[in-house]
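Here is the file target_10.txt (compact mmCIF, C-alpha atoms and all ligand atoms).
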```
# COMPACT_ATOMS: atom_id res chain seq x y z
CA MET A 8 0.00 0.00 0.00
CA LYS A 9 1.01 3.64 -0.37
CA VAL A 10 1.01 6.46 2.17
CA LYS A 11 1.32 10.14 1.26
CA LEU A 12 1.54 12.92 3.81
CA LEU A 13 -0.41 16.00 2.77
CA GLY A 14 0.55 17.70 6.03
CA ALA A 15 1.78 17.02 9.62
CA ALA A 16 5.10 15.84 8.17
CA GLN A 17 7.64 16.75 10.85
CA GLU A 18 5.28 19.43 12.06
CA VAL A 19 2.32 19.70 14.44
CA GLY A 20 -0.73 20.90 12.55
CA ARG A 21 -2.65 20.43 9.25
CA SER A 22 -2.89 16.65 9.49
CA GLY A 23 -3.73 14.91 6.22
CA ILE A 24 -2.73 11.36 5.37
CA LEU A 25 -3.68 9.75 2.07
CA LEU A 26 -3.68 5.94 1.93
CA THR A 27 -3.88 4.03 -1.34
CA LEU A 28 -4.86 0.46 -0.47
CA GLU A 29 -3.79 -2.59 -2.47
CA ASP A 30 -7.10 -2.64 -4.38
CA GLY A 31 -6.66 1.02 -5.37
CA LYS A 32 -9.15 2.47 -2.85
CA LYS A 33 -8.04 5.86 -1.56
CA VAL A 34 -8.75 6.70 2.08
CA LEU A 35 -7.98 10.14 3.52
CA LEU A 36 -7.29 10.33 7.26
CA ASP A 37 -7.98 13.84 8.65
CA TYR A 38 -7.67 17.09 6.73
CA GLY A 39 -6.79 19.97 9.04
CA VAL A 40 -5.28 23.43 9.07
CA SER A 41 -2.20 24.72 10.83
CA LEU A 42 -2.89 27.67 13.10
CA GLU A 43 0.74 28.37 13.97
CA GLY A 44 1.81 31.78 12.77
CA GLU A 45 -0.49 34.49 11.45
CA GLU A 46 -2.18 32.95 8.44
CA PRO A 47 -3.81 29.47 8.47
CA GLN A 48 -1.85 26.91 6.45
CA PHE A 49 -3.74 24.27 4.48
CA PRO A 50 -2.55 20.75 3.64
CA LEU A 51 -1.52 19.75 0.10
CA PRO A 52 -4.44 19.32 -2.30
CA VAL A 53 -6.14 16.03 -3.00
CA LYS A 54 -8.73 15.07 -5.66
CA PRO A 55 -11.94 14.60 -3.63
CA ARG A 56 -13.61 12.60 -6.41
CA GLU A 57 -10.97 9.88 -6.10
CA LEU A 58 -11.59 9.34 -2.37
CA SER A 59 -13.49 6.21 -1.35
CA LEU A 60 -13.65 7.43 2.24
CA VAL A 61 -12.58 10.27 4.51
CA ALA A 62 -12.12 9.34 8.18
CA LEU A 63 -11.83 12.01 10.87
CA SER A 64 -10.05 11.26 14.17
CA HIS A 65 -11.26 14.26 16.21
CA ALA A 66 -12.65 17.77 16.09
CA HIS A 67 -9.52 19.90 16.65
CA LEU A 68 -8.99 22.21 13.69
CA ASP A 69 -5.52 20.88 12.98
CA HIS A 70 -7.34 17.65 11.99
CA SER A 71 -10.72 18.91 10.74
CA GLY A 72 -10.30 22.52 9.54
CA ALA A 73 -9.64 21.78 5.84
CA LEU A 74 -12.34 19.10 5.41
CA PRO A 75 -14.99 21.38 3.84
CA LEU A 76 -12.57 21.96 0.93
CA LEU A 77 -13.34 18.37 -0.13
CA TYR A 78 -17.03 19.25 -0.43
CA VAL A 79 -16.72 22.19 -2.85
CA SER A 80 -17.04 20.06 -5.97
CA SER A 81 -17.63 16.57 -4.56
CA SER A 82 -19.17 14.72 -1.63
CA PRO A 83 -17.00 11.87 -0.33
CA PRO A 84 -18.40 9.95 2.68
CA LEU A 85 -17.01 11.17 6.03
CA LEU A 86 -16.65 8.56 8.77
CA THR A 87 -16.42 9.77 12.36
CA THR A 88 -18.16 9.64 15.76
CA PRO A 89 -21.37 11.65 16.28
CA LEU A 90 -19.68 13.84 18.90
CA THR A 91 -16.67 14.59 16.68
CA LEU A 92 -19.04 15.62 13.91
CA SER A 93 -21.02 18.04 16.10
CA LEU A 94 -17.88 19.52 17.69
CA SER A 95 -16.17 19.88 14.28
CA ASP A 96 -19.22 21.73 12.96
CA LEU A 97 -18.96 24.13 15.92
CA LEU A 98 -15.20 24.70 15.55
CA ILE A 99 -15.20 25.03 11.75
CA ARG A 100 -18.08 27.52 11.75
CA ASP A 101 -16.28 29.57 14.39
CA PHE A 102 -13.06 29.42 12.36
CA LEU A 103 -14.94 30.73 9.29
CA LYS A 104 -16.58 33.46 11.32
CA LEU A 105 -13.48 34.73 13.11
CA SER A 106 -10.72 34.26 10.56
CA LYS A 107 -9.11 37.50 9.49
CA TYR A 108 -7.83 35.68 6.42
CA TYR A 109 -9.50 34.30 3.32
CA ILE A 110 -10.74 30.73 3.85
CA PRO A 111 -11.28 28.88 0.56
CA TYR A 112 -14.70 27.44 1.51
CA GLU A 113 -18.03 28.64 2.87
CA TYR A 114 -20.86 27.54 5.18
CA SER A 115 -22.53 25.64 2.32
CA GLU A 116 -19.51 23.31 2.13
CA VAL A 117 -19.62 22.74 5.89
CA LYS A 118 -23.28 21.80 5.47
CA ASN A 119 -22.45 19.46 2.58
CA MET A 120 -19.79 17.83 4.76
CA MET A 121 -22.31 17.28 7.59
CA GLU A 122 -24.80 15.74 5.16
CA ASN A 123 -22.26 13.22 3.88
CA SER A 124 -21.28 11.89 7.30
CA LEU A 125 -21.32 8.23 8.30
CA LEU A 126 -21.51 8.05 12.07
CA ARG A 127 -20.16 5.20 14.17
CA GLY A 128 -19.57 4.72 17.91
CA TYR A 129 -16.41 3.22 19.39
CA SER A 130 -15.64 -0.34 18.25
CA GLU A 131 -18.36 -0.18 15.59
CA THR A 132 -17.20 -1.15 12.12
CA TYR A 133 -17.97 0.37 8.74
CA ASP A 134 -17.65 -1.94 5.74
CA LEU A 135 -15.94 -0.20 2.84
CA GLY A 136 -16.37 -2.82 0.12
CA GLY A 137 -14.66 -5.61 2.06
CA VAL A 138 -12.34 -3.31 4.04
CA SER A 139 -13.34 -2.95 7.72
CA VAL A 140 -12.88 0.51 9.19
CA THR A 141 -13.30 0.76 12.97
CA LEU A 142 -13.15 3.76 15.32
CA LEU A 143 -11.59 3.19 18.75
CA ASP A 144 -11.42 5.47 21.79
CA ALA A 145 -8.29 7.65 21.57
CA GLY A 146 -8.59 9.28 25.03
CA HIS A 147 -7.62 12.72 23.65
CA ILE A 148 -10.80 14.87 23.60
CA PRO A 149 -14.49 13.95 23.78
CA GLY A 150 -15.39 11.93 20.67
CA SER A 151 -11.77 11.38 19.60
CA ALA A 152 -10.94 8.13 17.85
CA MET A 153 -8.10 6.05 16.52
CA ILE A 154 -8.91 4.67 13.09
CA SER A 155 -8.25 1.00 12.35
CA ILE A 156 -8.37 -0.22 8.74
CA ASP A 157 -8.38 -3.97 8.15
CA THR A 158 -8.15 -5.03 4.50
CA GLY A 159 -8.14 -8.77 5.25
CA SER A 160 -4.43 -9.03 4.44
CA TYR A 161 -3.12 -6.30 6.78
CA THR A 162 -4.22 -3.81 9.43
CA VAL A 163 -3.32 -0.12 9.52
CA VAL A 164 -3.98 1.88 12.69
CA TYR A 165 -3.89 5.68 12.67
CA THR A 166 -3.67 6.97 16.24
CA GLY A 167 -4.79 10.55 15.56
CA ASP A 168 -3.91 12.47 18.73
CA TYR A 169 -4.10 10.04 21.64
CA ALA A 170 -3.27 9.49 25.30
CA LEU A 171 -2.60 6.35 27.32
CA HIS A 172 -3.35 7.94 30.69
CA ASP A 173 -6.74 8.50 32.28
CA THR A 174 -7.85 12.08 32.83
CA CYS A 175 -10.83 13.40 34.81
CA LEU A 176 -12.77 13.72 31.56
CA LEU A 177 -11.72 10.67 29.56
CA ARG A 178 -10.59 7.08 29.78
CA MET A 179 -7.17 6.36 28.35
CA GLY A 180 -7.04 5.37 24.68
CA ASP A 181 -7.92 1.81 23.62
CA LYS A 182 -4.58 0.03 23.18
CA SER A 183 -6.01 -3.17 21.75
CA ALA A 184 -5.77 -2.09 18.12
CA LEU A 185 -2.09 -1.15 18.44
CA SER A 186 -1.10 -4.73 19.18
CA ARG A 187 -2.87 -6.00 16.04
CA ALA A 188 -1.50 -3.40 13.60
CA ASP A 189 0.96 -4.12 10.81
CA LEU A 190 1.39 -0.39 10.25
CA VAL A 191 0.91 2.19 13.02
CA ILE A 192 0.64 5.78 11.82
CA THR A 193 1.38 7.55 15.07
CA GLU A 194 1.46 11.08 16.40
CA SER A 195 4.83 12.09 17.90
CA THR A 196 4.01 15.39 19.65
CA TYR A 197 5.65 14.66 23.02
CA ALA A 198 8.20 12.01 22.06
CA GLU A 199 10.92 13.92 23.90
CA PHE A 200 9.14 14.45 27.23
CA ASP A 201 7.20 12.69 29.92
CA HIS A 202 4.25 14.35 31.57
CA PRO A 203 4.31 14.59 35.39
CA PRO A 204 1.89 12.24 37.21
CA ARG A 205 -1.65 13.46 36.70
CA ASP A 206 -2.70 13.27 40.37
CA TRP A 207 0.19 15.49 41.34
CA VAL A 208 -0.64 18.06 38.63
CA GLU A 209 -4.28 18.14 39.72
CA ARG A 210 -3.43 18.67 43.39
CA GLU A 211 -0.84 21.40 42.70
CA PHE A 212 -3.32 23.13 40.40
CA ILE A 213 -6.16 23.03 42.94
CA GLU A 214 -3.87 24.29 45.71
CA THR A 215 -2.66 27.21 43.59
CA VAL A 216 -6.11 28.22 42.38
CA THR A 217 -7.61 27.98 45.88
CA GLU A 218 -4.82 30.08 47.40
CA ILE A 219 -5.24 32.89 44.85
CA VAL A 220 -9.03 33.04 45.07
CA GLU A 221 -8.98 32.91 48.88
CA ASP A 222 -6.55 35.85 48.87
CA GLY A 223 -9.14 37.82 46.87
CA GLY A 224 -7.68 37.30 43.39
CA THR A 225 -9.21 36.40 40.05
CA VAL A 226 -7.73 33.48 38.14
CA LEU A 227 -7.88 33.49 34.35
CA ILE A 228 -7.49 30.08 32.72
CA PRO A 229 -7.16 30.65 28.96
CA SER A 230 -8.26 27.38 27.45
CA PHE A 231 -9.16 25.72 24.18
CA ALA A 232 -12.94 25.49 23.91
CA VAL A 233 -13.06 21.76 23.27
CA GLY A 234 -11.31 19.29 25.55
CA ARG A 235 -9.12 21.28 27.90
CA ALA A 236 -11.88 23.61 29.16
CA GLN A 237 -14.01 20.58 30.12
CA GLU A 238 -11.07 18.83 31.75
CA ILE A 239 -10.39 21.86 33.95
CA LEU A 240 -14.07 22.05 34.97
CA CYS A 241 -13.99 18.34 35.87
CA VAL A 242 -10.83 18.78 37.98
CA LEU A 243 -12.50 21.66 39.87
CA ALA A 244 -15.63 19.52 40.39
CA LYS A 245 -13.66 16.46 41.49
CA TYR A 246 -11.99 18.45 44.28
CA ASN A 247 -15.26 20.21 45.19
CA PHE A 248 -13.78 23.63 44.51
CA PRO A 249 -16.05 25.86 46.62
CA HIS A 250 -15.61 29.24 44.88
CA LYS A 251 -17.21 30.87 41.86
CA VAL A 252 -16.25 29.46 38.44
CA TYR A 253 -17.19 31.24 35.21
CA ILE A 254 -17.14 29.82 31.71
CA ASP A 255 -17.11 32.00 28.63
CA GLY A 256 -16.91 31.86 24.83
CA MET A 257 -17.37 28.79 22.71
CA ALA A 258 -16.60 26.48 25.64
CA ARG A 259 -20.26 27.03 26.65
CA ALA A 260 -21.61 25.64 23.38
CA ALA A 261 -19.05 22.82 23.45
CA ASN A 262 -20.27 21.86 26.94
CA ASP A 263 -23.84 21.58 25.65
CA LEU A 264 -22.80 19.31 22.75
CA ILE A 265 -20.69 17.11 25.04
CA LEU A 266 -23.57 16.83 27.55
CA GLU A 267 -25.71 15.37 24.74
CA ASP A 268 -23.13 12.62 24.21
CA SER A 269 -21.86 12.33 27.77
CA HIS A 270 -21.84 8.50 27.58
CA MET A 271 -18.54 8.92 25.68
CA LEU A 272 -16.86 10.35 28.80
CA ARG A 273 -15.12 8.45 31.58
CA ASP A 274 -17.51 9.71 34.25
CA PRO A 275 -20.63 11.39 32.82
CA GLY A 276 -21.82 12.18 36.37
CA LEU A 277 -18.67 14.18 37.15
CA PHE A 278 -19.03 16.21 33.96
CA GLU A 279 -22.71 16.90 34.67
CA LYS A 280 -21.75 18.04 38.18
CA ALA A 281 -18.96 20.23 36.74
CA VAL A 282 -21.31 21.93 34.28
CA SER A 283 -23.93 22.51 36.97
CA MET A 284 -21.30 24.20 39.19
CA VAL A 285 -20.26 26.85 36.69
CA SER A 286 -21.82 30.21 35.87
CA LYS A 287 -22.11 31.01 32.17
CA VAL A 288 -20.91 34.43 31.08
CA ARG A 289 -23.61 35.68 28.73
CA ASP A 290 -22.78 39.32 27.98
CA TRP A 291 -20.43 42.22 28.67
CA ASP A 292 -22.07 43.01 32.01
CA ASP A 293 -21.30 39.46 33.19
CA ARG A 294 -17.74 39.79 31.88
CA LYS A 295 -17.10 43.04 33.74
CA LYS A 296 -18.51 41.53 36.91
CA ALA A 297 -16.44 38.35 36.65
CA VAL A 298 -13.06 40.16 36.48
CA GLU A 299 -13.82 42.08 39.67
CA GLU A 300 -14.75 38.99 41.68
CA PRO A 301 -12.51 36.50 43.47
CA SER A 302 -13.22 33.70 41.00
CA VAL A 303 -11.92 31.36 38.33
CA ILE A 304 -12.65 32.24 34.69
CA VAL A 305 -12.22 29.50 32.09
CA SER A 306 -12.27 31.06 28.64
CA PRO A 307 -11.02 30.62 25.08
CA ALA A 308 -8.81 31.51 23.29
CA GLY A 309 -6.28 29.16 24.86
CA MET A 310 -3.34 31.10 23.44
CA LEU A 311 -4.84 34.53 24.34
CA HIS A 312 -5.16 35.17 20.63
CA GLY A 313 -8.59 36.81 20.43
CA GLY A 314 -11.74 35.49 22.13
CA PRO A 315 -12.93 36.71 25.54
CA SER A 316 -9.67 35.57 27.22
CA GLU A 317 -7.93 38.52 25.55
CA TYR A 318 -10.29 40.95 27.30
CA TYR A 319 -9.93 39.17 30.66
CA MET A 320 -6.14 39.19 30.37
CA GLU A 321 -6.06 42.95 29.76
CA LYS A 322 -7.95 43.40 33.04
CA ILE A 323 -6.51 40.78 35.37
CA MET A 324 -2.84 41.42 34.40
CA GLU A 325 -2.87 44.74 36.27
CA LYS A 326 -3.13 43.34 39.83
CA GLU A 327 -0.59 41.24 41.72
CA LYS A 328 -3.28 39.34 43.61
CA ASN A 329 -4.63 37.91 40.31
CA ALA A 330 -3.20 35.07 38.24
CA VAL A 331 -3.17 33.72 34.71
CA ILE A 332 -2.81 29.96 34.62
CA PHE A 333 -1.96 28.23 31.34
CA VAL A 334 -3.06 24.63 31.00
CA SER A 335 -1.90 23.77 27.47
CA PHE A 336 1.33 23.64 25.52
CA ALA A 337 2.15 27.26 24.56
CA ILE A 338 2.33 27.38 20.76
CA PRO A 339 5.31 29.41 19.49
CA GLU A 340 4.58 32.93 18.24
CA THR A 341 1.40 33.34 20.29
CA PRO A 342 0.64 35.86 23.08
CA ALA A 343 0.52 32.95 25.58
CA ARG A 344 4.07 31.92 24.70
CA GLN A 345 5.22 35.53 24.99
CA VAL A 346 3.66 35.89 28.46
CA LEU A 347 5.36 32.69 29.66
CA GLU A 348 8.74 33.61 28.19
CA THR A 349 8.91 37.36 28.84
CA GLY A 350 6.11 38.29 31.24
CA ILE A 351 4.83 40.77 28.64
CA PHE A 352 1.29 40.61 27.27
CA ALA A 353 0.50 42.23 23.94
CA SER A 354 -2.96 42.40 22.36
CA PRO A 355 -4.13 44.67 19.54
CA THR A 356 -5.28 47.17 22.18
CA LYS A 357 -2.79 46.80 25.03
CA LYS A 358 0.84 45.97 25.76
CA GLY A 359 2.61 45.78 29.10
CA MET A 360 4.25 43.79 31.90
CA VAL A 361 1.93 41.28 33.58
CA LYS A 362 1.75 42.10 37.30
CA ALA A 363 -0.47 39.09 38.05
CA ARG A 364 1.08 35.72 38.89
CA ILE A 365 1.88 33.54 35.84
CA GLU A 366 1.66 29.75 36.14
CA TRP A 367 1.67 26.75 33.79
CA PHE A 368 0.37 23.24 34.45
CA ASP A 369 0.85 20.22 32.22
CA PHE A 370 -2.68 18.90 31.60
CA SER A 371 -1.65 17.28 28.33
CA ALA A 372 -4.10 15.05 26.46
CA HIS A 373 -1.32 13.52 24.35
CA CYS A 374 0.92 10.55 25.03
CA GLY A 375 4.17 11.42 26.77
CA ARG A 376 7.38 9.62 25.85
CA SER A 377 6.77 6.55 28.02
CA GLU A 378 3.28 6.10 26.61
CA LEU A 379 4.60 6.25 23.04
CA VAL A 380 7.27 3.71 23.99
CA GLU A 381 4.57 1.49 25.51
CA SER A 382 2.75 1.55 22.16
CA ILE A 383 5.91 0.31 20.48
CA LYS A 384 6.42 -2.44 23.08
CA ILE A 385 2.91 -3.86 22.67
CA SER A 386 3.05 -3.82 18.87
CA LYS A 387 3.85 -6.86 16.69
CA ASN A 388 7.57 -7.53 16.25
CA SER A 389 7.08 -7.02 12.53
CA ALA A 390 5.13 -3.75 12.90
CA LYS A 391 6.12 -0.63 11.03
CA PHE A 392 5.67 2.85 12.50
CA LEU A 393 5.07 5.86 10.30
CA LEU A 394 5.57 9.08 12.23
CA VAL A 395 3.47 12.23 11.91
CA HIS A 396 2.32 15.22 14.00
CA GLY A 397 5.61 16.07 15.72
CA GLU A 398 8.41 18.59 15.32
CA ALA A 399 11.42 17.20 13.42
CA GLU A 400 13.39 16.59 16.65
CA ALA A 401 10.48 14.77 18.29
CA GLU A 402 10.01 12.50 15.26
CA LYS A 403 13.74 11.77 15.25
CA THR A 404 13.59 10.76 18.93
CA LEU A 405 10.55 8.55 18.40
CA ALA A 406 12.15 6.89 15.33
CA LYS A 407 15.12 6.01 17.54
CA HIS A 408 12.81 4.38 20.13
CA VAL A 409 11.00 2.44 17.37
CA GLU A 410 14.33 1.06 16.13
CA GLU A 411 15.57 0.27 19.67
CA TYR A 412 12.70 -2.21 19.89
CA GLY A 413 13.50 -3.73 16.49
CA ARG A 414 10.54 -2.23 14.63
CA THR A 415 10.82 -0.21 11.42
CA ALA A 416 10.39 3.58 11.51
CA LEU A 417 9.26 5.60 8.50
CA VAL A 418 9.51 9.39 8.52
CA PRO A 419 8.25 10.64 5.14
CA GLY A 420 8.54 14.28 4.14
CA LEU A 421 5.69 16.54 3.06
CA GLY A 422 4.15 15.38 -0.21
CA GLU A 423 6.33 12.28 -0.37
CA GLU A 424 4.50 9.06 -1.25
CA VAL A 425 6.02 5.97 0.34
CA GLU A 426 5.31 2.40 -0.66
CA VAL A 427 4.91 0.31 2.51
CA GLU A 428 5.39 -3.46 2.24
CA LEU A 429 3.01 -5.21 4.66
ZN ZN B 1 -5.97 17.25 19.04
ZN ZN B 2 -3.45 17.55 16.68
```
Represent the supplied structure as structure tokens.
Ligand SMILES: [Zn+2]
Ligand SMILES: [Zn+2]
Amino acid sequence: MKVKLLGAAQEVGRSGILLTLEDGKKVLLDYGVSLEGEEPQFPLPVKPRELSLVALSHAHLDHSGALPLLYVSSSPPLLTTPLTLSLSDLLIRDFLKLSKYYIPYEYSEVKNMMENSLLRGYSETYDLGGVSVTLLDAGHIPGSAMISIDTGSYTVVYTGDYALHDTCLLRMGDKSALSRADLVITESTYAEFDHPPRDWVEREFIETVTEIVEDGGTVLIPSFAVGRAQEILCVLAKYNFPHKVYIDGMARAANDLILEDSHMLRDPGLFEKAVSMVSKVRDWDDRKKAVEEPSVIVSPAGMLHGGPSEYYMEKIMEKEKNAVIFVSFAIPETPARQVLETGIFASPTKKGMVKARIEWFDFSAHCGRSELVESIKISKNSAKFLLVHGEAEAEKTLAKHVEEYGRTALVPGLGEEVEVEL
């Protein structure tokens, strides 16, 4: 079979992997945009009419944001989970609405994409003319899936973004498919690092937040609307955080969609409790009130790049008793990264030193190094690993681990089509 990377080749962002199976069927795995830097970057083009199937791992825009492009002149079937479809619709529409740059598709293509979806739950199989395609829990964000493709003569597993540790929100990813795969197409984001133990991170986080609020401060938690915002709410609920918690921006709508499919979560009861504990910010009056109160505000954008978090940051940065707590990897060239590295916050309307406390906690929803190594250990001795979704150094490190365990590592470049013998 052949594999061609249309994006996410030695980079994080704009995932797009084109498989050509032995019988000539073409299957596209994810089609996302890269949001690093100013202007969104799209993956390499593909002929939508030639695609037998498009399979989407999860809703994050670096996996879903270019999909509507496939529906401009064609309508290939899109296989994913119901929750990934509804969250992708939310994120893509928001991306279209807020982008300052030209996006080469419109709402009608998003609608066309929705209408051509084939929805499956975890471990349910779709039969693509004798090829079985199965979605398995990836443990990354609500609805996220690994994609397993079994042709009868070999099995390919695409991990998407995945985690092999439990979080408050999600069970760890389903490892079973990894041990059956002849080819594992794996993300490599954190191949160079291990995450600290989750329990420890949660307790440190709760202690810090409690201390600041009890001293009269306001805590801003800039957070991605889907996944991390819900995880933070669940951590606060798990520890019965007794103070006011606000939620703003698209995280509110994401909560509603996730509530509808809460059976996909590790503990639906905890999430329901978390949502019932928070106050929704509905308008500017609520926003102005929230920044003056000892409270926790969870709000997109996660990188302080637009969204209500930009407004909150301009306000809370002025007082030492306040804090801004980052809970995601800080993407280079974003205001969040600048705050962490220099203590300076710059928005289109304000620039200055942050007087509030600045903290960062590792709530990653990706595999750390040991988890990636575990995936190698449980794979077949003859398995091949094709690496995507990692910076060049990270992919190099992971390739070394793959070879240490006697498996074969493939690291194709952008646009390169590799023939894989299985
Ligand atoms: Zn993701
Ligand atoms: Zn990703």
Quiz prompt | Within-9 Å residues of ligand ZN 1 (chain B), basis all atoms listed in the file, as a VMD selection string | solution = chain A and resid 64 to 70 147 to 148 151 167 to 169 234 372 to 373
Exercise. Quick one: everything within 12 Å of region 115-124 of chain A, counting all atoms listed in the file, minus sequence neighbours fewer than 6 positions away in the same chain. Send it as JSON, numbers by chain.
Key: {"A": [55, 60, 61, 62, 63, 71, 72, 73, 74, 75, 76, 77, 78, 79, 80, 81, 82, 83, 84, 85, 86, 87, 88, 89, 90, 91, 92, 93, 94, 95, 96, 97, 98, 99, 100, 101, 102, 103]}
Those residues with C-alpha atoms, as a PDB file, in the frame of the given file please?
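again26.pdb was written with the following content:
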```
ATOM      1  CA  PRO A  55     -11.940  14.600  -3.630  1.00  0.00           C
ATOM      2  CA  LEU A  60     -13.650   7.430   2.240  1.00  0.00           C
ATOM      3  CA  VAL A  61     -12.580  10.270   4.510  1.00  0.00           C
ATOM      4  CA  ALA A  62     -12.120   9.340   8.180  1.00  0.00           C
ATOM      5  CA  LEU A  63     -11.830  12.010  10.870  1.00  0.00           C
ATOM      6  CA  SER A  71     -10.720  18.910  10.740  1.00  0.00           C
ATOM      7  CA  GLY A  72     -10.300  22.520   9.540  1.00  0.00           C
ATOM      8  CA  ALA A  73      -9.640  21.780   5.840  1.00  0.00           C
ATOM      9  CA  LEU A  74     -12.340  19.100   5.410  1.00  0.00           C
ATOM     10  CA  PRO A  75     -14.990  21.380   3.840  1.00  0.00           C
ATOM     11  CA  LEU A  76     -12.570  21.960   0.930  1.00  0.00           C
ATOM     12  CA  LEU A  77     -13.340  18.370  -0.130  1.00  0.00           C
ATOM     13  CA  TYR A  78     -17.030  19.250  -0.430  1.00  0.00           C
ATOM     14  CA  VAL A  79     -16.720  22.190  -2.850  1.00  0.00           C
ATOM     15  CA  SER A  80     -17.040  20.060  -5.970  1.00  0.00           C
ATOM     16  CA  SER A  81     -17.630  16.570  -4.560  1.00  0.00           C
ATOM     17  CA  SER A  82     -19.170  14.720  -1.630  1.00  0.00           C
ATOM     18  CA  PRO A  83     -17.000  11.870  -0.330  1.00  0.00           C
ATOM     19  CA  PRO A  84     -18.400   9.950   2.680  1.00  0.00           C
ATOM     20  CA  LEU A  85     -17.010  11.170   6.030  1.00  0.00           C
ATOM     21  CA  LEU A  86     -16.650   8.560   8.770  1.00  0.00           C
ATOM     22  CA  THR A  87     -16.420   9.770  12.360  1.00  0.00           C
ATOM     23  CA  THR A  88     -18.160   9.640  15.760  1.00  0.00           C
ATOM     24  CA  PRO A  89     -21.370  11.650  16.280  1.00  0.00           C
ATOM     25  CA  LEU A  90     -19.680  13.840  18.900  1.00  0.00           C
ATOM     26  CA  THR A  91     -16.670  14.590  16.680  1.00  0.00           C
ATOM     27  CA  LEU A  92     -19.040  15.620  13.910  1.00  0.00           C
ATOM     28  CA  SER A  93     -21.020  18.040  16.100  1.00  0.00           C
ATOM     29  CA  LEU A  94     -17.880  19.520  17.690  1.00  0.00           C
ATOM     30  CA  SER A  95     -16.170  19.880  14.280  1.00  0.00           C
ATOM     31  CA  ASP A  96     -19.220  21.730  12.960  1.00  0.00           C
ATOM     32  CA  LEU A  97     -18.960  24.130  15.920  1.00  0.00           C
ATOM     33  CA  LEU A  98     -15.200  24.700  15.550  1.00  0.00           C
ATOM     34  CA  ILE A  99     -15.200  25.030  11.750  1.00  0.00           C
ATOM     35  CA  ARG A 100     -18.080  27.520  11.750  1.00  0.00           C
ATOM     36  CA  ASP A 101     -16.280  29.570  14.390  1.00  0.00           C
ATOM     37  CA  PHE A 102     -13.060  29.420  12.360  1.00  0.00           C
ATOM     38  CA  LEU A 103     -14.940  30.730   9.290  1.00  0.00           C
TER      39      LEU A 103
END
```
Quiz item: Closest to His250 (chain A) among A:Val427, A:Leu272, A:Ile304, A:Leu177, using only C-alpha atoms?
Solution: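 So, comparing all the options, the nearest one is A:Ile304.
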Practice problem: Scan for residues within 9 Å of the point (2.6, 29.9, 27.9) in the coordinates of the file, using all atoms listed in the file, and reply as a PyMOL selection string. | Solution: chain A and resi 310+332-339+341-348+365-367
Write the residues you've just listed into a file as a PDB file, in the coordinates of the input, and include C-alpha atoms for each of them.
```pdb
ATOM      1  CA  MET A 310      -3.340  31.100  23.440  1.00  0.00           C
ATOM      2  CA  ILE A 332      -2.810  29.960  34.620  1.00  0.00           C
ATOM      3  CA  PHE A 333      -1.960  28.230  31.340  1.00  0.00           C
ATOM      4  CA  VAL A 334      -3.060  24.630  31.000  1.00  0.00           C
ATOM      5  CA  SER A 335      -1.900  23.770  27.470  1.00  0.00           C
ATOM      6  CA  PHE A 336       1.330  23.640  25.520  1.00  0.00           C
ATOM      7  CA  ALA A 337       2.150  27.260  24.560  1.00  0.00           C
ATOM      8  CA  ILE A 338       2.330  27.380  20.760  1.00  0.00           C
ATOM      9  CA  PRO A 339       5.310  29.410  19.490  1.00  0.00           C
ATOM     10  CA  THR A 341       1.400  33.340  20.290  1.00  0.00           C
ATOM     11  CA  PRO A 342       0.640  35.860  23.080  1.00  0.00           C
ATOM     12  CA  ALA A 343       0.520  32.950  25.580  1.00  0.00           C
ATOM     13  CA  ARG A 344       4.070  31.920  24.700  1.00  0.00           C
ATOM     14  CA  GLN A 345       5.220  35.530  24.990  1.00  0.00           C
ATOM     15  CA  VAL A 346       3.660  35.890  28.460  1.00  0.00           C
ATOM     16  CA  LEU A 347       5.360  32.690  29.660  1.00  0.00           C
ATOM     17  CA  GLU A 348       8.740  33.610  28.190  1.00  0.00           C
ATOM     18  CA  ILE A 365       1.880  33.540  35.840  1.00  0.00           C
ATOM     19  CA  GLU A 366       1.660  29.750  36.140  1.00  0.00           C
ATOM     20  CA  TRP A 367       1.670  26.750  33.790  1.00  0.00           C
TER      21      TRP A 367
END
```
Practice problem: Could you check which of A:Thr132, A:Ser382, A:Ser22, A:Thr415 is closest to ligand ZN 2 (chain B), using all atoms listed in the file? | Solution: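 Answer, going by the shortest atom-to-atom distance: A:Ser22.
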Quiz item: To one decimal place, how far is CA of Ser130 (chain A) from CA of Leu143 (chain A) in Å?
Solution: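 So the answer is 5.4 Å.
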Self-check item: Separation of CA of Ile228 (chain A) from CA of Lys251 (chain A), in Å and rounded to one decimal
Solution: 13.4 Å
Exercise. Rank A:Asp37, A:Asp30, A:Asp293, A:Asp157 by their smallest atom-to-atom distance to ligand ZN 2 (chain B), using only C-alpha atoms and all ligand atoms, and report the top residue only.
Key: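 Among the listed residues, A:Asp37 lies closest to ligand ZN 2 (chain B).
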Give me, as a compact mmCIF listing (two decimals) with C-alpha atoms, in the frame of the given file, all polymer residues having an atom no more than 10 Å from Leu176 (chain A), counting only C-alpha atoms and skipping those fewer than 5 positions away in the same chain.
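Generated output (selection_32.txt):
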```txt
# COMPACT_ATOMS: atom_id res chain seq x y z
CA GLY A 146 -8.59 9.28 25.03
CA HIS A 147 -7.62 12.72 23.65
CA ILE A 148 -10.80 14.87 23.60
CA PRO A 149 -14.49 13.95 23.78
CA GLY A 234 -11.31 19.29 25.55
CA ARG A 235 -9.12 21.28 27.90
CA GLN A 237 -14.01 20.58 30.12
CA GLU A 238 -11.07 18.83 31.75
CA ILE A 239 -10.39 21.86 33.95
CA LEU A 240 -14.07 22.05 34.97
CA CYS A 241 -13.99 18.34 35.87
CA VAL A 242 -10.83 18.78 37.98
CA SER A 269 -21.86 12.33 27.77
CA MET A 271 -18.54 8.92 25.68
CA LEU A 272 -16.86 10.35 28.80
CA ARG A 273 -15.12 8.45 31.58
CA ASP A 274 -17.51 9.71 34.25
CA PRO A 275 -20.63 11.39 32.82
CA LEU A 277 -18.67 14.18 37.15
CA PHE A 278 -19.03 16.21 33.96
```
